[in-house]
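File shown: entry18.pdb. Contents: PDB, C-alpha atoms and all ligand atoms.
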```pdb
ATOM      1  CA  MET A 961      -3.479  15.290  11.279  1.00  0.00           C
ATOM      2  CA  SER A 962      -2.149  15.317  14.831  1.00  0.00           C
ATOM      3  CA  PRO A 963      -2.895  12.657  17.456  1.00  0.00           C
ATOM      4  CA  PRO A 964      -5.335  11.405  18.430  1.00  0.00           C
ATOM      5  CA  MET A 965      -6.031  10.388  14.860  1.00  0.00           C
ATOM      6  CA  ILE A 966      -9.023   8.366  13.708  1.00  0.00           C
ATOM      7  CA  ALA A 967      -8.745   6.066  10.696  1.00  0.00           C
ATOM      8  CA  PRO A 968     -12.119   4.579   9.689  1.00  0.00           C
ATOM      9  CA  SER A 969     -11.765   1.160   8.059  1.00  0.00           C
ATOM     10  CA  ILE A 970     -13.797   0.776   4.886  1.00  0.00           C
ATOM     11  CA  LEU A 971     -13.868  -2.992   5.513  1.00  0.00           C
ATOM     12  CA  SER A 972     -17.207  -2.325   7.213  1.00  0.00           C
ATOM     13  CA  ALA A 973     -18.464   0.013   4.456  1.00  0.00           C
ATOM     14  CA  ASP A 974     -20.669  -0.819   1.475  1.00  0.00           C
ATOM     15  CA  PHE A 975     -18.161  -1.970  -1.182  1.00  0.00           C
ATOM     16  CA  ALA A 976     -20.568  -1.021  -3.969  1.00  0.00           C
ATOM     17  CA  ARG A 977     -20.506   2.628  -2.824  1.00  0.00           C
ATOM     18  CA  LEU A 978     -16.903   3.079  -1.693  1.00  0.00           C
ATOM     19  CA  ALA A 979     -16.414   6.680  -2.852  1.00  0.00           C
ATOM     20  CA  GLU A 980     -19.585   7.780  -1.091  1.00  0.00           C
ATOM     21  CA  GLU A 981     -18.656   5.843   2.051  1.00  0.00           C
ATOM     22  CA  ALA A 982     -15.158   7.393   2.084  1.00  0.00           C
ATOM     23  CA  ASN A 983     -16.608  10.854   1.822  1.00  0.00           C
ATOM     24  CA  ALA A 984     -19.063  10.144   4.637  1.00  0.00           C
ATOM     25  CA  VAL A 985     -16.068  10.411   7.005  1.00  0.00           C
ATOM     26  CA  LYS A 986     -14.518  13.634   5.682  1.00  0.00           C
ATOM     27  CA  GLY A 987     -13.245  14.576   9.161  1.00  0.00           C
ATOM     28  CA  ALA A 988     -11.172  11.380   9.359  1.00  0.00           C
ATOM     29  CA  ASP A 989      -7.400  11.735   9.570  1.00  0.00           C
ATOM     30  CA  TRP A 990      -6.668   8.651   7.480  1.00  0.00           C
ATOM     31  CA  LEU A 991      -8.863   6.288   5.489  1.00  0.00           C
ATOM     32  CA  HIS A 992      -7.887   2.732   6.453  1.00  0.00           C
ATOM     33  CA  VAL A 993      -8.048   0.262   3.564  1.00  0.00           C
ATOM     34  CA  ASP A 994      -7.682  -3.443   4.361  1.00  0.00           C
ATOM     35  CA  VAL A 995      -6.076  -5.400   1.542  1.00  0.00           C
ATOM     36  CA  MET A 996      -6.395  -9.188   2.053  1.00  0.00           C
ATOM     37  CA  ASP A 997      -5.169 -11.896  -0.288  1.00  0.00           C
ATOM     38  CA  ALA A 998      -6.914 -15.051   1.037  1.00  0.00           C
ATOM     39  CA  HIS A 999      -3.442 -16.494   1.812  1.00  0.00           C
ATOM     40  CA  PHE A1000      -1.936 -14.441   4.621  1.00  0.00           C
ATOM     41  CA  VAL A1001      -5.451 -14.209   6.077  1.00  0.00           C
ATOM     42  CA  PRO A1002      -8.506 -16.380   5.327  1.00  0.00           C
ATOM     43  CA  ASN A1003     -10.376 -13.555   3.601  1.00  0.00           C
ATOM     44  CA  LEU A1004     -10.235 -11.698   0.311  1.00  0.00           C
ATOM     45  CA  THR A1005     -11.026  -8.009  -0.078  1.00  0.00           C
ATOM     46  CA  ILE A1006      -9.729  -5.503  -2.601  1.00  0.00           C
ATOM     47  CA  GLY A1007      -6.431  -4.824  -4.336  1.00  0.00           C
ATOM     48  CA  LEU A1008      -4.534  -2.162  -6.209  1.00  0.00           C
ATOM     49  CA  PRO A1009      -7.095  -1.281  -8.938  1.00  0.00           C
ATOM     50  CA  VAL A1010      -9.780  -0.475  -6.366  1.00  0.00           C
ATOM     51  CA  VAL A1011      -7.285   1.457  -4.215  1.00  0.00           C
ATOM     52  CA  GLU A1012      -6.288   3.509  -7.275  1.00  0.00           C
ATOM     53  CA  SER A1013      -9.917   4.378  -7.994  1.00  0.00           C
ATOM     54  CA  LEU A1014     -10.510   5.265  -4.352  1.00  0.00           C
ATOM     55  CA  LEU A1015      -7.424   7.501  -4.286  1.00  0.00           C
ATOM     56  CA  ALA A1016      -8.955   9.476  -7.130  1.00  0.00           C
ATOM     57  CA  ALA A1017     -12.297   9.712  -5.339  1.00  0.00           C
ATOM     58  CA  THR A1018     -11.238  11.152  -1.971  1.00  0.00           C
ATOM     59  CA  ASP A1019      -8.745  13.611  -0.470  1.00  0.00           C
ATOM     60  CA  ILE A1020      -8.441  11.743   2.832  1.00  0.00           C
ATOM     61  CA  PRO A1021      -4.864  10.401   3.183  1.00  0.00           C
ATOM     62  CA  MET A1022      -4.964   6.668   2.588  1.00  0.00           C
ATOM     63  CA  ASP A1023      -3.669   4.150   5.100  1.00  0.00           C
ATOM     64  CA  CYS A1024      -3.234   0.809   3.299  1.00  0.00           C
ATOM     65  CA  HIS A1025      -3.048  -2.196   5.630  1.00  0.00           C
ATOM     66  CA  LEU A1026      -1.679  -5.061   3.581  1.00  0.00           C
ATOM     67  CA  MET A1027      -2.600  -8.460   4.995  1.00  0.00           C
ATOM     68  CA  ILE A1028      -0.823 -10.265   2.188  1.00  0.00           C
ATOM     69  CA  GLU A1029       2.043 -12.613   1.491  1.00  0.00           C
ATOM     70  CA  ASP A1030       5.156 -11.384  -0.295  1.00  0.00           C
ATOM     71  CA  PRO A1031       4.860  -7.668   0.596  1.00  0.00           C
ATOM     72  CA  GLY A1032       8.315  -7.121  -0.920  1.00  0.00           C
ATOM     73  CA  ARG A1033       6.726  -7.666  -4.296  1.00  0.00           C
ATOM     74  CA  TRP A1034       3.252  -6.193  -3.768  1.00  0.00           C
ATOM     75  CA  ALA A1035       3.596  -3.320  -1.282  1.00  0.00           C
ATOM     76  CA  PRO A1036       5.591  -0.662  -3.210  1.00  0.00           C
ATOM     77  CA  PRO A1037       2.926  -0.231  -5.945  1.00  0.00           C
ATOM     78  CA  TYR A1038       0.473   1.019  -3.286  1.00  0.00           C
ATOM     79  CA  ALA A1039       3.007   3.725  -2.406  1.00  0.00           C
ATOM     80  CA  GLU A1040       3.562   4.563  -6.085  1.00  0.00           C
ATOM     81  CA  ALA A1041      -0.211   4.870  -6.530  1.00  0.00           C
ATOM     82  CA  GLY A1042      -0.296   7.599  -3.882  1.00  0.00           C
ATOM     83  CA  ALA A1043      -1.192   5.939  -0.577  1.00  0.00           C
ATOM     84  CA  TYR A1044      -0.014   8.070   2.355  1.00  0.00           C
ATOM     85  CA  ASN A1045       0.957   5.173   4.623  1.00  0.00           C
ATOM     86  CA  VAL A1046       1.589   1.573   3.543  1.00  0.00           C
ATOM     87  CA  THR A1047       1.683  -1.039   6.299  1.00  0.00           C
ATOM     88  CA  PHE A1048       2.625  -4.705   5.866  1.00  0.00           C
ATOM     89  CA  HIS A1049       2.924  -7.579   8.326  1.00  0.00           C
ATOM     90  CA  ALA A1050       6.141  -8.528  10.082  1.00  0.00           C
ATOM     91  CA  GLU A1051       5.023 -12.173   9.898  1.00  0.00           C
ATOM     92  CA  ALA A1052       4.879 -12.037   6.082  1.00  0.00           C
ATOM     93  CA  THR A1053       8.503 -11.246   5.245  1.00  0.00           C
ATOM     94  CA  ASP A1054      12.074 -12.128   6.195  1.00  0.00           C
ATOM     95  CA  ASP A1055      13.357  -8.688   5.270  1.00  0.00           C
ATOM     96  CA  PRO A1056      11.060  -5.994   6.694  1.00  0.00           C
ATOM     97  CA  ILE A1057      13.753  -3.300   6.477  1.00  0.00           C
ATOM     98  CA  ALA A1058      14.082  -3.764   2.703  1.00  0.00           C
ATOM     99  CA  VAL A1059      10.313  -3.598   2.233  1.00  0.00           C
ATOM    100  CA  ALA A1060      10.138  -0.397   4.331  1.00  0.00           C
ATOM    101  CA  ARG A1061      12.961   1.132   2.297  1.00  0.00           C
ATOM    102  CA  ASP A1062      11.154   0.371  -0.982  1.00  0.00           C
ATOM    103  CA  ILE A1063       7.851   1.806   0.306  1.00  0.00           C
ATOM    104  CA  ARG A1064       9.590   5.004   1.419  1.00  0.00           C
ATOM    105  CA  ALA A1065      11.502   5.254  -1.866  1.00  0.00           C
ATOM    106  CA  ALA A1066       8.159   5.037  -3.667  1.00  0.00           C
ATOM    107  CA  GLY A1067       6.920   8.055  -1.716  1.00  0.00           C
ATOM    108  CA  ALA A1068       4.849   6.740   1.212  1.00  0.00           C
ATOM    109  CA  ARG A1069       5.314   6.324   4.920  1.00  0.00           C
ATOM    110  CA  ALA A1070       6.118   2.743   5.911  1.00  0.00           C
ATOM    111  CA  GLY A1071       4.249   0.806   8.582  1.00  0.00           C
ATOM    112  CA  LEU A1072       4.975  -2.486  10.334  1.00  0.00           C
ATOM    113  CA  SER A1073       2.065  -4.519  11.708  1.00  0.00           C
ATOM    114  CA  ILE A1074       2.160  -7.348  14.227  1.00  0.00           C
ATOM    115  CA  LYS A1075      -0.612  -9.826  14.987  1.00  0.00           C
ATOM    116  CA  PRO A1076      -1.913 -10.161  18.581  1.00  0.00           C
ATOM    117  CA  GLY A1077       0.249 -13.228  19.269  1.00  0.00           C
ATOM    118  CA  THR A1078       3.451 -11.790  17.767  1.00  0.00           C
ATOM    119  CA  PRO A1079       5.871 -10.409  20.367  1.00  0.00           C
ATOM    120  CA  LEU A1080       7.222  -6.899  19.909  1.00  0.00           C
ATOM    121  CA  GLU A1081      10.726  -7.484  21.270  1.00  0.00           C
ATOM    122  CA  PRO A1082      12.280  -9.064  18.151  1.00  0.00           C
ATOM    123  CA  TYR A1083      11.222  -6.000  16.153  1.00  0.00           C
ATOM    124  CA  LEU A1084      12.152  -3.195  18.571  1.00  0.00           C
ATOM    125  CA  GLU A1085      15.575  -2.730  16.993  1.00  0.00           C
ATOM    126  CA  ILE A1086      14.179  -2.254  13.487  1.00  0.00           C
ATOM    127  CA  LEU A1087      11.373   0.174  14.352  1.00  0.00           C
ATOM    128  CA  ARG A1088      13.570   3.152  13.510  1.00  0.00           C
ATOM    129  CA  ASN A1089      13.136   2.141   9.862  1.00  0.00           C
ATOM    130  CA  PHE A1090       9.383   2.696  10.105  1.00  0.00           C
ATOM    131  CA  ASP A1091       6.980   5.615  10.421  1.00  0.00           C
ATOM    132  CA  THR A1092       4.107   3.602  11.884  1.00  0.00           C
ATOM    133  CA  LEU A1093       3.675   0.574  14.135  1.00  0.00           C
ATOM    134  CA  LEU A1094       0.244  -1.040  13.688  1.00  0.00           C
ATOM    135  CA  VAL A1095      -0.591  -3.171  16.720  1.00  0.00           C
ATOM    136  CA  MET A1096      -3.372  -5.613  15.839  1.00  0.00           C
ATOM    137  CA  SER A1097      -5.935  -5.950  18.624  1.00  0.00           C
ATOM    138  CA  VAL A1098      -7.888  -8.724  16.855  1.00  0.00           C
ATOM    139  CA  GLU A1099      -6.727 -11.569  14.608  1.00  0.00           C
ATOM    140  CA  PRO A1100      -6.427  -9.978  11.171  1.00  0.00           C
ATOM    141  CA  GLY A1101      -9.004 -11.019   8.598  1.00  0.00           C
ATOM    142  CA  PHE A1102     -12.408  -9.778   9.668  1.00  0.00           C
ATOM    143  CA  GLY A1103     -14.150  -6.724  11.066  1.00  0.00           C
ATOM    144  CA  GLY A1104     -16.496  -6.763  14.031  1.00  0.00           C
ATOM    145  CA  GLN A1105     -14.362  -8.892  16.397  1.00  0.00           C
ATOM    146  CA  SER A1106     -13.756  -8.231  20.108  1.00  0.00           C
ATOM    147  CA  PHE A1107     -10.819  -6.136  21.293  1.00  0.00           C
ATOM    148  CA  ILE A1108      -7.906  -8.094  22.854  1.00  0.00           C
ATOM    149  CA  PRO A1109      -6.683  -5.878  25.745  1.00  0.00           C
ATOM    150  CA  GLU A1110      -3.465  -7.895  26.291  1.00  0.00           C
ATOM    151  CA  VAL A1111      -1.891  -6.255  23.220  1.00  0.00           C
ATOM    152  CA  LEU A1112      -1.801  -2.920  25.063  1.00  0.00           C
ATOM    153  CA  SER A1113       1.440  -3.924  26.787  1.00  0.00           C
ATOM    154  CA  LYS A1114       3.099  -3.597  23.346  1.00  0.00           C
ATOM    155  CA  VAL A1115       1.612  -0.119  22.974  1.00  0.00           C
ATOM    156  CA  ARG A1116       2.941   0.887  26.414  1.00  0.00           C
ATOM    157  CA  THR A1117       6.442  -0.328  25.575  1.00  0.00           C
ATOM    158  CA  VAL A1118       6.635   1.714  22.379  1.00  0.00           C
ATOM    159  CA  ARG A1119       4.961   4.748  23.968  1.00  0.00           C
ATOM    160  CA  LYS A1120       7.701   4.819  26.641  1.00  0.00           C
ATOM    161  CA  LEU A1121      10.455   4.738  24.015  1.00  0.00           C
ATOM    162  CA  VAL A1122       8.792   7.521  22.017  1.00  0.00           C
ATOM    163  CA  ASP A1123       8.177   9.697  25.077  1.00  0.00           C
ATOM    164  CA  ALA A1124      11.801   9.180  26.151  1.00  0.00           C
ATOM    165  CA  GLY A1125      12.935  10.459  22.750  1.00  0.00           C
ATOM    166  CA  GLU A1126      14.533   7.118  21.876  1.00  0.00           C
ATOM    167  CA  LEU A1127      12.216   6.407  18.956  1.00  0.00           C
ATOM    168  CA  SER A1128      10.060   8.423  16.589  1.00  0.00           C
ATOM    169  CA  ILE A1129       7.085   6.383  15.378  1.00  0.00           C
ATOM    170  CA  LEU A1130       3.307   6.663  15.250  1.00  0.00           C
ATOM    171  CA  VAL A1131       1.496   4.005  17.279  1.00  0.00           C
ATOM    172  CA  GLU A1132      -1.665   2.750  15.588  1.00  0.00           C
ATOM    173  CA  ILE A1133      -4.145   0.164  16.848  1.00  0.00           C
ATOM    174  CA  ASP A1134      -6.540  -1.909  14.756  1.00  0.00           C
ATOM    175  CA  GLY A1135      -9.405  -4.162  15.767  1.00  0.00           C
ATOM    176  CA  GLY A1136     -12.388  -3.869  18.093  1.00  0.00           C
ATOM    177  CA  ILE A1137     -12.011  -0.133  18.697  1.00  0.00           C
ATOM    178  CA  ASN A1138     -15.313   1.453  19.725  1.00  0.00           C
ATOM    179  CA  ALA A1139     -16.789   3.722  22.414  1.00  0.00           C
ATOM    180  CA  ASP A1140     -16.124   1.025  25.057  1.00  0.00           C
ATOM    181  CA  THR A1141     -12.477   0.309  24.182  1.00  0.00           C
ATOM    182  CA  VAL A1142     -11.005   3.518  22.738  1.00  0.00           C
ATOM    183  CA  GLU A1143     -10.188   5.000  26.146  1.00  0.00           C
ATOM    184  CA  GLN A1144      -8.064   2.096  27.384  1.00  0.00           C
ATOM    185  CA  ALA A1145      -6.128   2.183  24.105  1.00  0.00           C
ATOM    186  CA  ALA A1146      -5.652   5.950  24.434  1.00  0.00           C
ATOM    187  CA  GLU A1147      -4.458   5.578  28.032  1.00  0.00           C
ATOM    188  CA  ALA A1148      -1.872   3.037  26.903  1.00  0.00           C
ATOM    189  CA  GLY A1149      -0.491   5.561  24.422  1.00  0.00           C
ATOM    190  CA  VAL A1150      -2.041   4.962  21.003  1.00  0.00           C
ATOM    191  CA  ASP A1151      -1.780   7.849  18.493  1.00  0.00           C
ATOM    192  CA  CYS A1152      -4.009   6.536  15.698  1.00  0.00           C
ATOM    193  CA  PHE A1153      -7.178   4.469  16.130  1.00  0.00           C
ATOM    194  CA  VAL A1154      -8.600   2.316  13.334  1.00  0.00           C
ATOM    195  CA  ALA A1155     -12.342   1.737  13.639  1.00  0.00           C
ATOM    196  CA  GLY A1156     -14.439  -0.181  11.137  1.00  0.00           C
ATOM    197  CA  SER A1157     -17.760  -1.397  12.467  1.00  0.00           C
ATOM    198  CA  ALA A1158     -17.941   1.334  15.137  1.00  0.00           C
ATOM    199  CA  VAL A1159     -17.875   3.985  12.404  1.00  0.00           C
ATOM    200  CA  TYR A1160     -19.754   2.372   9.543  1.00  0.00           C
ATOM    201  CA  SER A1161     -22.527   0.776  11.578  1.00  0.00           C
ATOM    202  CA  ALA A1162     -23.271   4.172  13.111  1.00  0.00           C
ATOM    203  CA  GLU A1163     -26.169   6.147  11.695  1.00  0.00           C
ATOM    204  CA  ASP A1164     -23.815   9.099  11.128  1.00  0.00           C
ATOM    205  CA  PRO A1165     -20.275   7.807  10.405  1.00  0.00           C
ATOM    206  CA  GLY A1166     -18.835  11.337  10.458  1.00  0.00           C
ATOM    207  CA  ALA A1167     -20.235  11.977  13.931  1.00  0.00           C
ATOM    208  CA  ALA A1168     -18.902   8.591  15.120  1.00  0.00           C
ATOM    209  CA  VAL A1169     -15.388   9.676  14.054  1.00  0.00           C
ATOM    210  CA  GLU A1170     -15.658  12.935  16.008  1.00  0.00           C
ATOM    211  CA  SER A1171     -17.011  11.170  19.064  1.00  0.00           C
ATOM    212  CA  LEU A1172     -14.174   8.597  19.081  1.00  0.00           C
ATOM    213  CA  ARG A1173     -11.633  11.407  18.706  1.00  0.00           C
ATOM    214  CA  ARG A1174     -13.111  13.311  21.668  1.00  0.00           C
ATOM    215  CA  GLN A1175     -13.026  10.192  23.842  1.00  0.00           C
ATOM    216  CA  ALA A1176      -9.440   9.407  22.795  1.00  0.00           C
ATOM    217  CA  LEU A1177      -8.234  12.931  23.496  1.00  0.00           C
ATOM    218  CA  ALA A1178      -9.806  13.008  26.952  1.00  0.00           C
ATOM    219  CA  ALA A1179      -8.116   9.697  27.834  1.00  0.00           C
ATOM    220  CA  SER A1180      -4.640  10.338  26.339  1.00  0.00           C
ATOM    221  CA  PRO A1181      -2.109  11.219  29.058  1.00  0.00           C
ATOM    222  CA  HIS A1182       0.713  11.477  26.489  1.00  0.00           C
ATOM    223  CA  LEU A1183      -1.189  14.191  24.607  1.00  0.00           C
ATOM    224  CA  ARG A1184      -2.129  16.222  27.667  1.00  0.00           C
ATOM    225  CA  ALA A1185       1.421  16.294  29.028  1.00  0.00           C
TER     226      ALA A1185
HETATM  227  C1  LIG B1201      -9.141  -6.639  10.434  1.00  0.00           C
HETATM  228  C2  LIG B1201      -8.865  -5.283   9.847  1.00  0.00           C
HETATM  229  C3  LIG B1201      -9.468  -4.140  10.545  1.00  0.00           C
HETATM  230  C4  LIG B1201     -10.980  -4.159  10.629  1.00  0.00           C
HETATM  231  C5  LIG B1201     -11.342  -3.555  11.938  1.00  0.00           C
HETATM  232  O1  LIG B1201      -8.269  -7.554   9.888  1.00  0.00           O
HETATM  233  O2  LIG B1201      -7.465  -5.047   9.788  1.00  0.00           O
HETATM  234  O3  LIG B1201      -9.013  -2.904   9.975  1.00  0.00           O
HETATM  235  O4  LIG B1201     -11.618  -3.437   9.626  1.00  0.00           O
HETATM  236  O5  LIG B1201     -12.706  -3.661  12.093  1.00  0.00           O
HETATM  237  P1  LIG B1201     -13.394  -3.403  13.501  1.00  0.00           P
HETATM  238  O6  LIG B1201     -13.114  -1.974  13.861  1.00  0.00           O
HETATM  239  O7  LIG B1201     -14.824  -3.668  13.239  1.00  0.00           O
HETATM  240  O8  LIG B1201     -12.772  -4.365  14.479  1.00  0.00           O
HETATM  241 ZN    ZN B1202      -6.803  -3.030   9.191  1.00  0.00          ZN
END
```
Re-express the file's structure as structure tokens.
Ligand code: DX5
Ligand code: ZN
Amino acid sequence: MSPPMIAPSILSADFARLAEEANAVKGADWLHVDVMDAHFVPNLTIGLPVVESLLAATDIPMDCHLMIEDPGRWAPPYAEAGAYNVTFHAEATDDPIAVARDIRAAGARAGLSIKPGTPLEPYLEILRNFDTLLVMSVEPGFGGQSFIPEVLSKVRTVRKLVDAGELSILVEIDGGINADTVEQAAEAGVDCFVAGSAVYSAEDPGAAVESLRRQALAASPHLRA
């Protein structure tokens, strides 16, 4: 589980065969699970009961991306259930540090996510309370959208701080990652790449994961240094 990491998003999988679909990407570093509540985003997916069943059905560390309101109330149970990383949105809470503390106390790594239009600067000071920064490269809510390259300036800013030893955090990107976009994200300094449609629309999802990882590694200056 060292960068570059690939986290297939099961949002693009067949929800009636989730265990099978999870195990079709056994070489994945994390399994990315998009939890949506139809309030924070205009879409509804799955919640805790399905995540609990999926945790029992696969050994791949689970990366829960909570696109929900009130993460202070709803996020810690995902950590208690056994998710490896639990990420919530900065836009959804007034007290992200408290939510991160509760997620970590419940045994998971804590992630902060920001939408494409949300600036990074107001959150730079609090990033030391997090294990992961999830930079959204599409508007959260749906798979299969086009990558927004402008968000890479946020990746570059955090990469510089990490490389300078001023911050220790994993930089993750989510939205529109595929064979055409993974290299520019890797060049900017991403550690972990979420890919939904690029993995699950491929004939062989496991091979798609390996191919994205190879491309990311070849294009990652921070990993070759
Ligand atoms: C969107 C989700 C993503 C989505 C990415 O709100 O957070 O994880 O599954 O899908 P692709 O890779 O198809 O853009
Ligand atoms: Zn996601």
*Hey, which residues come within 8 Å of ligand LIG 1201 (chain B) if we count all atoms listed in the file? Could you give them as JSON, numbers by chain?*
{"A": [968, 969, 970, 971, 972, 992, 993, 994, 1025, 1027, 1096, 1098, 1099, 1100, 1101, 1102, 1103, 1104, 1105, 1106, 1107, 1134, 1135, 1136, 1137, 1138, 1154, 1155, 1156, 1157, 1158, 1159]}
_If I take atom CA of A:Ala1146 and atom CA of A:Val1118, how far is one from the other in Å, to one decimal?_
13.2 Å
Decode the PyMOL selection byres (((chain A and resi 984) around 12) and not hetatm) for the given file into explicit residues and return them as a CSV table (one decimal) with C-alpha atoms, in the coordinates of the input.
```
chain,number,residue,atom,x,y,z
A,968,PRO,CA,-12.1,4.6,9.7
A,970,ILE,CA,-13.8,0.8,4.9
A,973,ALA,CA,-18.5,0.0,4.5
A,974,ASP,CA,-20.7,-0.8,1.5
A,977,ARG,CA,-20.5,2.6,-2.8
A,978,LEU,CA,-16.9,3.1,-1.7
A,979,ALA,CA,-16.4,6.7,-2.9
A,980,GLU,CA,-19.6,7.8,-1.1
A,981,GLU,CA,-18.7,5.8,2.1
A,982,ALA,CA,-15.2,7.4,2.1
A,983,ASN,CA,-16.6,10.9,1.8
A,985,VAL,CA,-16.1,10.4,7.0
A,986,LYS,CA,-14.5,13.6,5.7
A,987,GLY,CA,-13.2,14.6,9.2
A,988,ALA,CA,-11.2,11.4,9.4
A,991,LEU,CA,-8.9,6.3,5.5
A,1018,THR,CA,-11.2,11.2,-2.0
A,1020,ILE,CA,-8.4,11.7,2.8
A,1159,VAL,CA,-17.9,4.0,12.4
A,1160,TYR,CA,-19.8,2.4,9.5
A,1162,ALA,CA,-23.3,4.2,13.1
A,1163,GLU,CA,-26.2,6.1,11.7
A,1164,ASP,CA,-23.8,9.1,11.1
A,1165,PRO,CA,-20.3,7.8,10.4
A,1166,GLY,CA,-18.8,11.3,10.5
A,1167,ALA,CA,-20.2,12.0,13.9
A,1168,ALA,CA,-18.9,8.6,15.1
A,1169,VAL,CA,-15.4,9.7,14.1
```
Per-axis box centre and lengths in Å around stretch 1053-1064 of chain A, 5 Å margin per side, axis-aligned, as AutoDock Vina command-line options:
```
--center_x 11.0 --center_y -3.6 --center_z 2.9 --size_x 16.2 --size_y 27.1 --size_z 17.7
```
*Nearby residues (all atoms listed in the file) at most 7 Å from stretch 1065-1075 of chain A, same-chain spacing under 6 positions excluded, as a ChimeraX atom specification*: /A:1036,1039-1040,1043-1050,1090-1096,1099-1100
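Counting all atoms listed in the file and comparing A:Glu1132, A:Glu1029, A:Asp1140, A:Glu1012, the residue that lies closest to ligand ZN 1202 (chain B) is A:Glu1132.
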_Under the rule that only C-alpha atoms are counted, which of A:Gly1149, A:Gly1007, A:Pro1079, A:Pro1031 is the nearest residue to A:Pro1056?_
A:Pro1031
*Looking at only C-alpha atoms and all ligand atoms, which of A:Leu1014, A:Ala1052, A:Ile1129, A:Cys1152 is the one that sits closest to ligand ZN 1202 (chain B)?*
A:Cys1152
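In this model, the gap between atom CA of A:Glu1081 and atom CA of A:Arg1116 comes to 12.5 Å.
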*What separation in Å, quoted to one decimal, exists between atom CA of A:His999 and atom CA of A:Val1059?*
18.9 Å
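If you measure from each of A:Ala1124, A:Met1022, A:Ala1060, A:Thr1141 to A:Ser1097 using all atoms listed in the file, the closest one turns out to be A:Thr1141.
Nearest to A:Trp1034 of all the residues A:Leu1008, A:Asp1054, A:Asp1019, A:His1182 is A:Leu1008, based on only C-alpha atoms.
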As a check of understanding, name the residues that the PyMOL selection byres (((chain A and resi 1111-1115) around 7) and not hetatm) selects in the supplied structure, as a PDB file with C-alpha atoms, in the frame of the given file.
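Output contents, as saved in selection.pdb:
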```
ATOM      1  CA  PRO A1076      -1.913 -10.161  18.581  1.00  0.00           C
ATOM      2  CA  LEU A1080       7.222  -6.899  19.909  1.00  0.00           C
ATOM      3  CA  SER A1097      -5.935  -5.950  18.624  1.00  0.00           C
ATOM      4  CA  ILE A1108      -7.906  -8.094  22.854  1.00  0.00           C
ATOM      5  CA  PRO A1109      -6.683  -5.878  25.745  1.00  0.00           C
ATOM      6  CA  GLU A1110      -3.465  -7.895  26.291  1.00  0.00           C
ATOM      7  CA  ARG A1116       2.941   0.887  26.414  1.00  0.00           C
ATOM      8  CA  THR A1117       6.442  -0.328  25.575  1.00  0.00           C
ATOM      9  CA  VAL A1118       6.635   1.714  22.379  1.00  0.00           C
ATOM     10  CA  ARG A1119       4.961   4.748  23.968  1.00  0.00           C
ATOM     11  CA  ALA A1145      -6.128   2.183  24.105  1.00  0.00           C
ATOM     12  CA  ALA A1148      -1.872   3.037  26.903  1.00  0.00           C
ATOM     13  CA  GLY A1149      -0.491   5.561  24.422  1.00  0.00           C
ATOM     14  CA  VAL A1150      -2.041   4.962  21.003  1.00  0.00           C
TER      15      VAL A1150
END
```
*Pick out the residues sitting within 8 Å of A:Ile1006, and hand them over as a list in words; count only C-alpha atoms, and ignore anything fewer than 4 positions along from it in its own chain.*
Asp994, Val995, Met996, Val1010 and Val1011 of chain A
For those residues, write C-alpha atoms to a file as a PDB file, in the coordinates of the input.
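Result went into selection-v1.pdb, see below:
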```pdb
ATOM      1  CA  ASP A 994      -7.682  -3.443   4.361  1.00  0.00           C
ATOM      2  CA  VAL A 995      -6.076  -5.400   1.542  1.00  0.00           C
ATOM      3  CA  MET A 996      -6.395  -9.188   2.053  1.00  0.00           C
ATOM      4  CA  VAL A1010      -9.780  -0.475  -6.366  1.00  0.00           C
ATOM      5  CA  VAL A1011      -7.285   1.457  -4.215  1.00  0.00           C
TER       6      VAL A1011
END
```
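Taking only C-alpha atoms and all ligand atoms into account, ligand ZN 1202 (chain B) lies nearest to A:Leu1026 out of the set A:Val1131, A:Leu1015, A:Leu1172, A:Leu1026.
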